[in-house]
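What follows is data32.cif (mmCIF, C-alpha atoms).
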data_data
#
loop_
_atom_site.label_atom_id
_atom_site.label_comp_id
_atom_site.auth_asym_id
_atom_site.auth_seq_id
_atom_site.Cartn_x
_atom_site.Cartn_y
_atom_site.Cartn_z
CA MET S 1 0.00 0.00 0.00
CA LEU S 2 1.25 3.49 -0.82
CA THR S 3 1.70 5.78 2.16
CA SER S 4 0.36 9.32 2.04
CA ALA S 5 3.91 10.62 1.62
CA ARG S 6 4.56 8.25 -1.28
CA LEU S 7 1.27 9.24 -2.88
CA ALA S 8 2.38 12.87 -2.72
CA VAL S 9 5.60 11.99 -4.53
CA VAL S 10 3.76 10.01 -7.19
CA ALA S 11 1.25 12.82 -7.68
CA LEU S 12 4.04 15.35 -8.05
CA PHE S 13 5.31 13.69 -11.20
CA ALA S 14 1.99 12.52 -12.65
CA THR S 15 0.95 13.69 -16.09
CA THR S 16 -1.74 15.92 -14.66
CA VAL S 17 -0.30 19.02 -13.03
CA LEU S 18 -1.67 19.39 -9.51
CA ALA S 19 -2.02 22.54 -7.42
CA GLY S 20 1.13 22.04 -5.36
CA LYS S 21 4.14 23.68 -6.99
CA ARG S 22 6.24 24.80 -4.03
CA GLY S 23 9.52 23.24 -3.05
CA LEU S 24 12.43 23.64 -0.67
CA CYS S 25 15.84 24.68 -1.89
CA TRP S 26 17.38 22.54 0.84
CA THR S 27 20.44 24.28 2.20
CA PHE S 28 21.45 23.41 5.75
CA CYS S 29 17.88 22.98 6.92
CA ASP S 30 16.99 21.05 10.05
CA ASP S 31 13.58 19.47 9.47
CA PRO S 32 12.03 19.86 6.00
CA GLY S 33 8.95 18.05 7.26
CA VAL S 34 7.71 21.18 9.04
CA PHE S 35 6.50 22.41 5.64
CA ASN S 36 4.84 19.10 4.72
CA ASN S 37 1.65 19.64 6.69
CA GLY S 38 -0.67 17.63 4.44
CA ASP S 39 -2.15 20.48 2.41
CA GLY S 40 -0.14 19.58 -0.69
CA GLU S 41 1.32 23.03 -1.31
CA VAL S 42 4.95 22.07 -0.64
CA VAL S 43 5.75 18.96 -2.67
CA ALA S 44 9.44 18.84 -3.61
CA ILE S 45 12.95 19.29 -2.26
CA TYR S 46 16.44 19.51 -3.75
CA ASP S 47 19.90 20.27 -2.39
CA TYR S 48 22.28 20.81 -5.35
CA GLU S 49 23.60 17.25 -4.99
CA THR S 50 22.71 13.73 -6.08
CA TYR S 51 22.38 12.64 -2.46
CA ALA S 52 20.03 13.79 0.26
CA PRO S 53 21.92 15.26 3.23
CA VAL S 54 21.14 14.20 6.77
CA SER S 55 18.40 16.07 8.59
CA THR S 56 16.36 15.33 11.67
CA ASN S 57 13.51 14.13 9.45
CA GLY S 58 15.09 12.82 6.24
CA ASN S 59 13.53 14.59 3.28
CA GLY S 60 10.40 15.34 5.29
CA GLY S 61 8.24 13.14 3.06
CA LEU S 62 8.76 15.47 0.09
CA GLY S 63 9.74 14.38 -3.42
CA PHE S 64 13.53 14.54 -3.61
CA ILE S 65 15.02 15.84 -6.86
CA GLY S 66 18.66 15.06 -7.55
CA MET S 67 20.86 17.78 -9.00
CA GLN S 68 24.14 17.30 -10.84
CA ARG S 69 25.24 20.88 -10.14
CA CYS S 70 28.63 20.67 -11.87
CA THR S 71 30.03 18.56 -14.67
CA ASP S 72 31.82 16.34 -12.14
CA CYS S 73 31.80 17.11 -8.41
CA SER S 74 33.70 15.35 -5.63
CA SER S 75 30.45 15.31 -3.66
CA SER S 76 28.38 14.16 -6.63
CA PRO S 77 30.66 12.32 -9.09
CA ILE S 78 29.21 12.16 -12.57
CA ALA S 79 30.12 8.47 -12.69
CA ASP S 80 27.63 7.89 -9.85
CA LEU S 81 24.75 9.88 -11.32
CA ALA S 82 22.85 7.00 -12.92
CA SER S 83 23.37 4.62 -10.00
CA ARG S 84 22.30 7.20 -7.44
CA GLN S 85 19.19 8.02 -9.44
CA ALA S 86 18.30 4.35 -9.71
CA SER S 87 18.95 3.54 -6.06
CA GLN S 88 17.15 6.60 -4.68
CA GLY S 89 14.35 6.51 -7.23
CA TRP S 90 14.08 10.21 -7.95
CA ALA S 91 11.87 10.97 -10.92
CA THR S 92 13.39 14.28 -11.96
CA VAL S 93 16.96 15.55 -12.34
CA PHE S 94 18.22 19.14 -12.25
CA THR S 95 21.52 19.91 -13.97
CA LEU S 96 24.44 22.38 -13.74
CA ASN S 97 24.20 25.36 -11.42
CA GLU S 98 24.55 28.72 -13.21
CA PRO S 99 26.96 27.58 -15.93
CA ASP S 100 26.29 30.83 -17.79
CA ILE S 101 28.49 32.71 -15.27
CA ASN S 102 30.79 29.83 -14.32
CA GLY S 103 32.83 29.37 -17.47
CA ILE S 104 30.88 26.52 -19.10
CA THR S 105 30.05 27.22 -22.72
CA PRO S 106 26.70 26.22 -24.24
CA SER S 107 28.54 23.81 -26.54
CA GLN S 108 30.35 22.14 -23.64
CA ALA S 109 27.11 21.87 -21.71
CA ALA S 110 25.31 20.34 -24.70
CA SER S 111 27.94 17.64 -25.19
CA TRP S 112 27.98 16.86 -21.47
CA TYR S 113 24.18 16.76 -21.31
CA ILE S 114 23.88 14.40 -24.29
CA GLN S 115 26.41 12.00 -22.75
CA TYR S 116 25.26 11.93 -19.15
CA ILE S 117 21.73 13.30 -18.80
CA ASN S 118 19.99 11.98 -21.92
CA PRO S 119 20.32 8.31 -20.80
CA LEU S 120 18.27 8.93 -17.63
CA ALA S 121 14.71 7.85 -18.36
CA ILE S 122 13.17 10.46 -16.09
CA LYS S 123 12.08 14.10 -16.25
CA LYS S 124 14.98 16.43 -16.98
CA ALA S 125 15.72 20.14 -16.63
CA LEU S 126 18.25 22.08 -18.63
CA PRO S 127 20.97 23.81 -16.55
CA ALA S 128 19.81 26.51 -14.15
CA VAL S 129 20.79 29.93 -15.44
CA THR S 130 20.94 33.36 -13.85
CA SER S 131 18.65 36.25 -14.73
CA SER S 132 21.56 38.14 -16.29
CA VAL S 133 20.66 40.06 -19.44
CA THR S 134 24.28 40.20 -20.61
CA SER S 135 24.72 38.63 -24.03
CA GLY S 136 25.77 35.01 -23.70
CA GLU S 137 24.33 34.71 -20.18
CA GLY S 138 20.88 33.98 -18.77
CA LEU S 139 18.20 33.13 -21.30
CA SER S 140 20.51 33.77 -24.25
CA TRP S 141 22.88 31.09 -22.87
CA VAL S 142 19.93 28.66 -22.78
CA SER S 143 19.07 29.46 -26.39
CA GLN S 144 22.66 28.89 -27.42
CA MET S 145 22.78 25.56 -25.60
CA ILE S 146 19.59 24.40 -27.28
CA SER S 147 21.09 25.36 -30.65
CA ALA S 148 24.29 23.49 -29.79
CA CYS S 149 22.22 20.43 -28.89
CA ALA S 150 20.94 20.31 -32.48
CA GLY S 151 17.83 18.46 -31.37
CA GLN S 152 19.78 15.82 -29.44
CA CYS S 153 19.16 17.05 -25.86
CA TYR S 154 16.01 15.60 -24.34
CA PHE S 155 14.51 17.84 -21.66
CA ASP S 156 11.22 18.75 -20.05
CA TYR S 157 11.97 21.94 -18.14
CA ILE S 158 13.75 25.27 -18.52
CA ASN S 159 15.42 26.06 -15.17
CA LEU S 160 15.62 29.67 -13.97
CA HIS S 161 17.18 31.66 -11.13
CA TRP S 162 16.25 35.26 -10.35
CA TYR S 163 17.41 37.97 -7.97
CA GLY S 164 16.32 41.55 -8.35
CA THR S 165 14.54 44.48 -6.76
CA THR S 166 10.79 44.30 -7.45
CA PHE S 167 7.98 41.87 -8.09
CA ALA S 168 7.23 43.63 -11.41
CA GLU S 169 10.78 42.89 -12.53
CA PHE S 170 10.42 39.25 -11.49
CA GLN S 171 7.08 38.84 -13.27
CA SER S 172 8.48 40.38 -16.44
CA TYR S 173 11.46 38.01 -16.37
CA VAL S 174 9.31 34.92 -15.91
CA GLU S 175 6.88 35.97 -18.62
CA SER S 176 9.73 36.72 -21.02
CA ALA S 177 11.18 33.25 -20.40
CA HIS S 178 7.80 31.73 -21.18
CA SER S 179 7.52 33.79 -24.37
CA GLN S 180 10.97 32.65 -25.45
CA PHE S 181 10.35 28.97 -24.62
CA PRO S 182 6.57 28.56 -24.93
CA ASN S 183 6.67 24.80 -25.49
CA TYR S 184 8.34 23.96 -22.17
CA GLN S 185 7.39 24.14 -18.52
CA LEU S 186 9.52 26.34 -16.30
CA VAL S 187 11.03 25.48 -12.93
CA ILE S 188 12.37 28.33 -10.82
CA THR S 189 14.87 26.84 -8.44
CA GLU S 190 16.17 30.03 -6.76
CA PHE S 191 14.49 33.41 -6.40
CA ALA S 192 14.24 36.26 -3.91
CA LEU S 193 14.78 39.98 -3.69
CA GLN S 194 18.45 40.90 -3.70
CA ASN S 195 19.27 42.07 -0.16
CA PRO S 196 16.42 44.61 0.09
CA ALA S 197 16.72 47.53 2.50
CA GLY S 198 13.44 46.44 4.07
CA GLY S 199 14.88 43.07 5.07
CA GLN S 200 12.43 40.31 5.92
CA ALA S 201 9.36 42.56 5.62
CA ALA S 202 10.29 43.40 2.03
CA GLN S 203 10.83 39.72 1.22
CA VAL S 204 7.42 38.86 2.71
CA SER S 205 5.74 41.51 0.56
CA PHE S 206 7.53 40.20 -2.53
CA PHE S 207 6.61 36.56 -1.96
CA GLN S 208 3.01 37.51 -1.15
CA GLN S 209 2.81 38.70 -4.75
CA ALA S 210 5.07 36.10 -6.33
CA PHE S 211 3.45 32.93 -4.97
CA PRO S 212 -0.08 33.60 -6.33
CA PHE S 213 1.38 34.66 -9.68
CA LEU S 214 3.39 31.44 -9.99
CA ASP S 215 0.53 29.27 -8.72
CA GLY S 216 -1.73 30.73 -11.38
CA ALA S 217 0.71 30.39 -14.28
CA SER S 218 0.02 27.12 -16.09
CA TYR S 219 3.55 27.03 -17.51
CA ILE S 220 5.21 26.94 -14.06
CA GLN S 221 5.85 23.38 -12.89
CA LEU S 222 7.70 24.00 -9.62
CA TYR S 223 9.25 26.90 -7.73
CA PHE S 224 11.73 27.13 -4.87
CA PRO S 225 12.16 30.38 -2.92
CA PHE S 226 15.71 30.95 -1.70
CA VAL S 227 16.37 29.58 0.84
CA ALA S 228 15.32 26.70 3.15
CA THR S 229 17.61 27.49 6.05
CA SER S 230 17.92 29.87 9.01
CA PRO S 231 19.79 33.19 9.11
CA ALA S 232 22.48 31.76 11.40
CA LEU S 233 23.10 28.71 9.20
CA LEU S 234 23.13 30.78 6.01
CA GLN S 235 25.69 33.17 7.48
CA ALA S 236 27.83 30.28 8.73
CA ASN S 237 27.66 28.04 5.66
CA GLY S 238 26.27 29.96 2.71
CA GLY S 239 29.39 31.70 1.47
CA SER S 240 28.51 35.01 -0.14
CA ALA S 241 24.76 34.29 -0.25
CA ALA S 242 24.00 36.12 2.99
CA THR S 243 25.73 39.22 1.64
CA ILE S 244 24.20 39.10 -1.84
CA VAL S 245 20.65 38.08 -0.94
CA GLY S 246 20.44 38.88 2.75
CA THR S 247 18.90 36.62 5.39
CA GLY S 248 15.36 38.00 5.27
CA SER S 249 14.17 35.37 2.79
CA CYS S 250 15.23 32.40 4.96
CA LEU S 251 12.30 30.02 5.46
CA TYR S 252 13.38 29.10 9.00
CA ASN S 253 14.03 31.05 12.17
CA ASN S 254 17.18 30.23 14.09
CA ASP S 255 15.15 27.97 16.41
CA GLY S 256 14.01 25.83 13.47
CA THR S 257 10.45 27.12 13.29
CA PRO S 258 9.04 28.63 10.07
CA SER S 259 9.92 32.29 9.60
CA ALA S 260 7.54 35.00 8.42
CA VAL S 261 8.48 34.01 4.85
CA GLY S 262 8.25 30.31 5.67
CA ASN S 263 4.69 30.76 6.92
CA LEU S 264 3.72 31.84 3.40
CA MET S 265 4.63 28.37 2.09
CA TYR S 266 1.58 26.73 3.65
#

Since I need it in another form, could you write the structure as structure tokens?
Amino acid sequence: MLTSARLAVVALFATTVLAGKRGLCWTFCDDPGVFNNGDGEVVAIYDYETYAPVSTNGNGGLGFIGMQRCTDCSSSPIADLASRQASQGWATVFTLNEPDINGITPSQAASWYIQYINPLAIKKALPAVTSSVTSGEGLSWVSQMISACAGQCYFDYINLHWYGTTFAEFQSYVESAHSQFPNYQLVITEFALQNPAGGQAAQVSFFQQAFPFLDGASYIQLYFPFVATSPALLQANGGSAATIVGTGSCLYNNDGTPSAVGNLMY
């Protein structure tokens, strides 16, 4: 018999798109299960790796999505990608983290993707790109990769990141991505305001607008606000993220309870 948690995972990847689109960008979080309260809004979780890190409650009953964030990582060796997918049973894979600003050309990414990602008989996302509008970065990098693939890259999702200053800017970016790639679903695996002066209150206001917009957009498959951790853990382990984004968008308080932003996830 399928458990309720397993049913949620199966439903997530069913042909029919259900209401739940929210996920956890799982970075140093304690208990992801606090967001899995049975209402079906939060359905997925990923952590930039092809293994699920230890937490006090596993993956919290959410659908884990493996991510091969670099072409070959010591933490997630490319040689282990297929075996980890098979053993863990994840039904979707995310690939390459912001290659458009990390020195990976569209041609290199296409060749790598064809060799390692194509063979996985699951849902696939193209590499996650930044919202840069510089030529050769962001959406233009995606277009160049698709051209370099010459029809040989099999994928289901365009993967986007966004950091900026207003909801209007975010909405425009998402809608422009849909206009550019109308035949594919979008997943947004990182997004928040970029270190707003208003701190957490500004992030709350932004997400109060962003979540309904994304929920109502039929071309959005999943979205993951940045970031599923606490301010203290982000400052200790997140590198430059706390400086660039700020800590106001963290989904957890330092005591592990949902923050003001986290409460919007329900």

message: For the PyMOL selection byres ((chain S and resi 258) around 12), applied here, can you spell out every residue it catches as a ChimeraX atom specification?
response: /S:29-36,227-231,249-257,259-266

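Among the candidate residues S:Tyr51, S:Tyr154, S:Trp26, S:Trp162, the one lying nearest to S:Ala177 is S:Trp162, with distances computed using all atoms listed in the file.
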
message: Selection in question (the file shown): the PyMOL selection byres ((chain S and resi 98) around 10). Which residues does it include, as a ChimeraX atom specification?
response: /S:69-70,95-97,99-104,127-131,137-138,159-161

With C-alpha atoms retained, export the selected residues as a PDB file, in the coordinates of the input.
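And here is the file that came out, part01.pdb:
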ATOM      1  CA  ARG S  69      25.240  20.880 -10.140  1.00  0.00           C
ATOM      2  CA  CYS S  70      28.630  20.670 -11.870  1.00  0.00           C
ATOM      3  CA  THR S  95      21.520  19.910 -13.970  1.00  0.00           C
ATOM      4  CA  LEU S  96      24.440  22.380 -13.740  1.00  0.00           C
ATOM      5  CA  ASN S  97      24.200  25.360 -11.420  1.00  0.00           C
ATOM      6  CA  PRO S  99      26.960  27.580 -15.930  1.00  0.00           C
ATOM      7  CA  ASP S 100      26.290  30.830 -17.790  1.00  0.00           C
ATOM      8  CA  ILE S 101      28.490  32.710 -15.270  1.00  0.00           C
ATOM      9  CA  ASN S 102      30.790  29.830 -14.320  1.00  0.00           C
ATOM     10  CA  GLY S 103      32.830  29.370 -17.470  1.00  0.00           C
ATOM     11  CA  ILE S 104      30.880  26.520 -19.100  1.00  0.00           C
ATOM     12  CA  PRO S 127      20.970  23.810 -16.550  1.00  0.00           C
ATOM     13  CA  ALA S 128      19.810  26.510 -14.150  1.00  0.00           C
ATOM     14  CA  VAL S 129      20.790  29.930 -15.440  1.00  0.00           C
ATOM     15  CA  THR S 130      20.940  33.360 -13.850  1.00  0.00           C
ATOM     16  CA  SER S 131      18.650  36.250 -14.730  1.00  0.00           C
ATOM     17  CA  GLU S 137      24.330  34.710 -20.180  1.00  0.00           C
ATOM     18  CA  GLY S 138      20.880  33.980 -18.770  1.00  0.00           C
ATOM     19  CA  ASN S 159      15.420  26.060 -15.170  1.00  0.00           C
ATOM     20  CA  LEU S 160      15.620  29.670 -13.970  1.00  0.00           C
ATOM     21  CA  HIS S 161      17.180  31.660 -11.130  1.00  0.00           C
TER      22      HIS S 161
END

Counting only C-alpha atoms, the option among S:Thr247, S:Gln144, S:Thr56, S:Ser218 closest to S:Ala232: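 With only C-alpha atoms as the atom set, the closest residue is S:Thr247.
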
Separation of atom CA of S:Val204 from atom CA of S:Leu234 in Å: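 So the two atoms, atom CA of S:Leu234 and atom CA of S:Val204, lie 18.0 Å apart.
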
query: What does the PyMOL selection byres ((chain S and resi 94) around 7) select in this file, as a list in words?
result: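 Selected by the PyMOL selection byres ((chain S and resi 94) around 7) here: Gly66, Met67, Gln68, Thr92, Val93, Thr95, Lys124, Ala125 and Pro127 of chain S.
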